[in-house]
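These notes concern the structure reproduced below.
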Amino acid sequence: MNTIERFLNLRIKQFFRSVQEIGIPLFIILMIVTTGLTFKVLVFLSEVQGVEMAFFSFFLIASIHFTRKDSHFLKSLDVSRPLLFLAEYSLFLLPVSMLLLFLGKMVPAIYWQLGMLPILIFPAGKLKINKIAPFINLDGIPSKYFEIKLGFRRIFFAIVLLYFIALGYSFFIGTLILFGIFLLLVLPTFFENFEPKEMIVLEYGKGNFVRRKVINHLLVFQIALMPHYLMFLFYHKEMWYLGLACFVGLCLGIIFNIVYKYASYRPNVPKMFSNSFQAVFLATLLIPGFVIVSIGLIIYFWRKATNNLAYYYA
């Protein structure tokens with residue numbers, strides 16, 4: 001068995017181990033709850049024509065490739081990394097390819113597999129911001145934006161690359177939605193670490209800590225995304241409500257990640273080690289009709305965050 005085969009076998013075992021950790025009953029319940037979303041995906045796949053699938057697979061694989069954390073391990077393998085990536089990503093895309101072939105969509109299936117090819121030439125994993133953009137001084141960012149500084153240090157290259165790719169492909173109606181989902185997926189990366197307690201004491205003393213944190217981050221994220229909203233309205237103004245849905249979804253996602261972070265805060269713990277509720281929250285945003293649950297989770301964790309911080313710093 002060669003290196004690539006062993007690597008793929010490892011990935012398959014990791015997948016089944018993850019399913020076991022979630023629990024088969026909970027996994028089955030999740031599949032049942034998301035039936036409506038699954039049906040919509042099937043309808044989309046049955047109607048898709050071709051080249052747009054290449055764009056979707058490129059976007060999906062890029063979001064994985066530039067944020068993976070095993071780059072040091074991959075360098076230790078005696079194998080061509082582009083060839084290894086080709087095998088791994090082809091396996092990852094295979095289920096949708098098989099579904100497309102089952103629906104009689106051979107051309108979209110081919111595009112779906114070929115779309116990720118340009119990604120293979122790029123280095124994998126998070127890249128240090130000083131190597132990518134030395135002219136940006138992250139140390140000058142105020143401490144109240146600790147999360148933004150942390151997130152950019154980790155995935156600056158992926159964020160900037162996909163930001164401009166999504167902007168360039170704004171003429172596709174699904175681009176803003178896909179980019180919004182990508183941002184929802186990476187938001188926990190920004191908020192998983194706790195800042196030093198000296199920073200919190202400094203900001204907490206100004207009052208309304210959680211509310212100010214929410215407002216500041218909403219302004220930064222949404223102002224940065226304004227070109228995407230404007231381009232969406234330029235190309236698809238008749239579908240304005242989808243743009244509004246993305247705006248609201250991202251607002252809710254940012255708010256939830258902030259309140260969930262401080263609801264889990266402990267002064268001597270460097271980071272959060274559980275993201276189960278973040279996965280549940282994301283599911284409530286994506287499942288039609290479950291947004292009210294998202295708002296309920298935000299209210300619950302907002303109160304918990306306020307009480308938790310008051311316990312340590314009031």
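Starting from 1 in every chain, residues are counted up; chains themselves are A, B, ... following the order of the structure tokens, and ligands are numbered from 1 as listed.
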Enumerate, as a ChimeraX atom specification, the complete set of residues in region 99-242 of chain A that a backbone-based DSSP assignment places in alpha helix (DSSP H).
/A:99-102,106-114,129-132,146-168,175-191,197-204,209-224,226-236,240-242
ask   = Which neighbours of Phe190 (chain A) fall inside 10 Å, counting only C-alpha atoms, when residues of the same chain fewer than 5 positions from it are skipped, and could you give them as a ChimeraX atom specification?
value = /A:146-155,254,257-258
Could the residues in this selection be saved with all heavy atoms as a CSV table (one decimal), in the first residue's frame?
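Produced file result.csv, reproduced below:
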```csv
chain,number,residue,atom,x,y,z
A,146,PHE,N,-9.3,42.4,19.3
A,146,PHE,CA,-8.4,41.2,19.5
A,146,PHE,C,-8.8,40.0,18.6
A,146,PHE,O,-7.9,39.4,18.0
A,146,PHE,CB,-8.5,40.8,21.0
A,146,PHE,CG,-7.8,39.5,21.3
A,146,PHE,CD1,-6.5,39.5,21.5
A,146,PHE,CD2,-8.6,38.3,21.3
A,146,PHE,CE1,-5.8,38.2,21.8
A,146,PHE,CE2,-8.0,37.1,21.6
A,146,PHE,CZ,-6.6,37.1,21.9
A,147,GLU,N,-10.1,39.8,18.4
A,147,GLU,CA,-10.5,38.6,17.6
A,147,GLU,C,-10.2,38.8,16.2
A,147,GLU,O,-9.8,37.8,15.5
A,147,GLU,CB,-12.0,38.4,17.8
A,147,GLU,CG,-12.5,38.0,19.2
A,147,GLU,CD,-12.6,39.2,20.2
A,147,GLU,OE1,-12.4,40.3,19.7
A,147,GLU,OE2,-12.9,39.0,21.3
A,148,ILE,N,-10.3,40.0,15.6
A,148,ILE,CA,-10.0,40.2,14.2
A,148,ILE,C,-8.6,40.0,14.0
A,148,ILE,O,-8.1,39.4,13.0
A,148,ILE,CB,-10.5,41.6,13.8
A,148,ILE,CG1,-12.1,41.6,13.9
A,148,ILE,CG2,-10.0,42.0,12.4
A,148,ILE,CD1,-12.7,43.0,13.6
A,149,LYS,N,-7.7,40.6,14.8
A,149,LYS,CA,-6.3,40.4,14.7
A,149,LYS,C,-5.9,39.0,14.7
A,149,LYS,O,-5.1,38.5,13.9
A,149,LYS,CB,-5.6,41.2,15.8
A,149,LYS,CG,-4.1,41.1,15.8
A,149,LYS,CD,-3.4,41.7,17.0
A,149,LYS,CE,-3.8,43.1,17.3
A,149,LYS,NZ,-3.0,43.7,18.4
A,150,LEU,N,-6.5,38.2,15.7
A,150,LEU,CA,-6.2,36.8,15.8
A,150,LEU,C,-6.6,36.0,14.5
A,150,LEU,O,-5.8,35.2,14.0
A,150,LEU,CB,-6.9,36.2,17.0
A,150,LEU,CG,-6.7,34.7,17.3
A,150,LEU,CD1,-5.2,34.5,17.7
A,150,LEU,CD2,-7.6,34.2,18.4
A,151,GLY,N,-7.8,36.3,14.0
A,151,GLY,CA,-8.3,35.6,12.9
A,151,GLY,C,-7.4,35.9,11.6
A,151,GLY,O,-7.1,34.9,10.9
A,152,PHE,N,-7.1,37.1,11.4
A,152,PHE,CA,-6.2,37.5,10.3
A,152,PHE,C,-4.8,36.8,10.4
A,152,PHE,O,-4.3,36.5,9.4
A,152,PHE,CB,-6.1,39.0,10.2
A,152,PHE,CG,-7.3,39.6,9.5
A,152,PHE,CD1,-7.5,41.0,9.6
A,152,PHE,CD2,-8.2,38.9,8.7
A,152,PHE,CE1,-8.6,41.6,8.9
A,152,PHE,CE2,-9.2,39.4,8.1
A,152,PHE,CZ,-9.5,40.8,8.2
A,153,ARG,N,-4.3,36.7,11.6
A,153,ARG,CA,-3.0,36.1,11.7
A,153,ARG,C,-3.1,34.6,11.2
A,153,ARG,O,-2.1,34.1,10.7
A,153,ARG,CB,-2.5,36.2,13.1
A,153,ARG,CG,-2.0,37.5,13.5
A,153,ARG,CD,-1.2,37.5,14.9
A,153,ARG,NE,-0.9,38.8,15.3
A,153,ARG,CZ,0.2,39.5,14.9
A,153,ARG,NH1,1.0,38.9,13.9
A,153,ARG,NH2,0.5,40.7,15.4
A,154,ARG,N,-4.2,34.0,11.4
A,154,ARG,CA,-4.3,32.6,11.1
A,154,ARG,C,-4.7,32.3,9.7
A,154,ARG,O,-4.1,31.4,9.0
A,154,ARG,CB,-5.4,32.0,12.1
A,154,ARG,CG,-4.9,31.9,13.5
A,154,ARG,CD,-6.0,31.3,14.4
A,154,ARG,NE,-5.5,31.1,15.7
A,154,ARG,CZ,-6.3,30.6,16.7
A,154,ARG,NH1,-7.5,30.3,16.4
A,154,ARG,NH2,-5.8,30.3,17.9
A,155,ILE,N,-5.6,33.0,9.2
A,155,ILE,CA,-6.2,32.7,7.8
A,155,ILE,C,-6.3,33.9,6.9
A,155,ILE,O,-7.2,34.0,6.1
A,155,ILE,CB,-7.5,32.0,7.9
A,155,ILE,CG1,-8.5,32.8,8.7
A,155,ILE,CG2,-7.4,30.6,8.5
A,155,ILE,CD1,-9.9,32.3,8.7
A,254,ILE,N,-22.1,36.5,13.9
A,254,ILE,CA,-21.1,37.2,14.6
A,254,ILE,C,-21.5,37.4,16.1
A,254,ILE,O,-20.7,37.2,17.0
A,254,ILE,CB,-20.9,38.6,13.9
A,254,ILE,CG1,-20.2,38.4,12.6
A,254,ILE,CG2,-20.0,39.5,14.8
A,254,ILE,CD1,-20.3,39.6,11.7
A,257,ASN,N,-21.2,34.1,18.1
A,257,ASN,CA,-19.8,33.7,18.4
A,257,ASN,C,-19.2,34.5,19.5
A,257,ASN,O,-18.5,34.0,20.3
A,257,ASN,CB,-18.9,33.8,17.1
A,257,ASN,CG,-19.0,32.6,16.3
A,257,ASN,OD1,-18.3,31.6,16.5
A,257,ASN,ND2,-19.9,32.6,15.2
A,258,ILE,N,-19.6,35.8,19.6
A,258,ILE,CA,-19.1,36.7,20.7
A,258,ILE,C,-19.8,36.3,22.0
A,258,ILE,O,-19.0,36.1,23.0
A,258,ILE,CB,-19.5,38.1,20.3
A,258,ILE,CG1,-18.6,38.6,19.2
A,258,ILE,CG2,-19.2,39.0,21.6
A,258,ILE,CD1,-19.0,40.0,18.7
```
task = Quick one: everything within 7 Å of Glu192 (chain A), counting only C-alpha atoms, minus sequence neighbours fewer than 2 positions away in the same chain. Send it as a list in words.
result = Pro188, Thr189, Phe190, Phe194, Lys261, Lys271 and Met272 of chain A
Using only C-alpha atoms, which protein or nucleic acid residues come within 10 Å of region 201-218 of chain A? Drop anything in the same chain fewer than 4 positions from it, and give the result as a PyMOL selection string. chain A and resi 143-145+147-148+196-197+222-224+250-259+262+302-303+305-306+309-310+312-314
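Across the structure, CA of Met116 (chain A) and CA of Gly249 (chain A) are spaced 27.2 Å apart.
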query: Looking at A:Pro82, A:Gly243, A:Gly168, A:Pro267, which one is nearest to Glu198 (chain A), with distances taken over only C-alpha atoms?
result: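 Checking each candidate against Glu198 (chain A), we get A:Pro267 as the closest.
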Nearest residue to Ile165 (chain A) from the set A:His228, A:Arg81, A:Arg266, A:Arg6 (distances using only C-alpha atoms):
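Using only C-alpha atoms, Ile165 (chain A) sits closest to A:His228.
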(Q) Measuring between only C-alpha atoms, which one of A:Leu183, A:Ile119, A:Ala87, A:Ile110 shows the shortest distance to Val160 (chain A)? (A)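 Closest residue, counting only C-alpha atoms: A:Leu183.
Atom pair CA of Leu93 (chain A) / CA of Ala124 (chain A) has a distance of 17.8 Å (rounded to one decimal).
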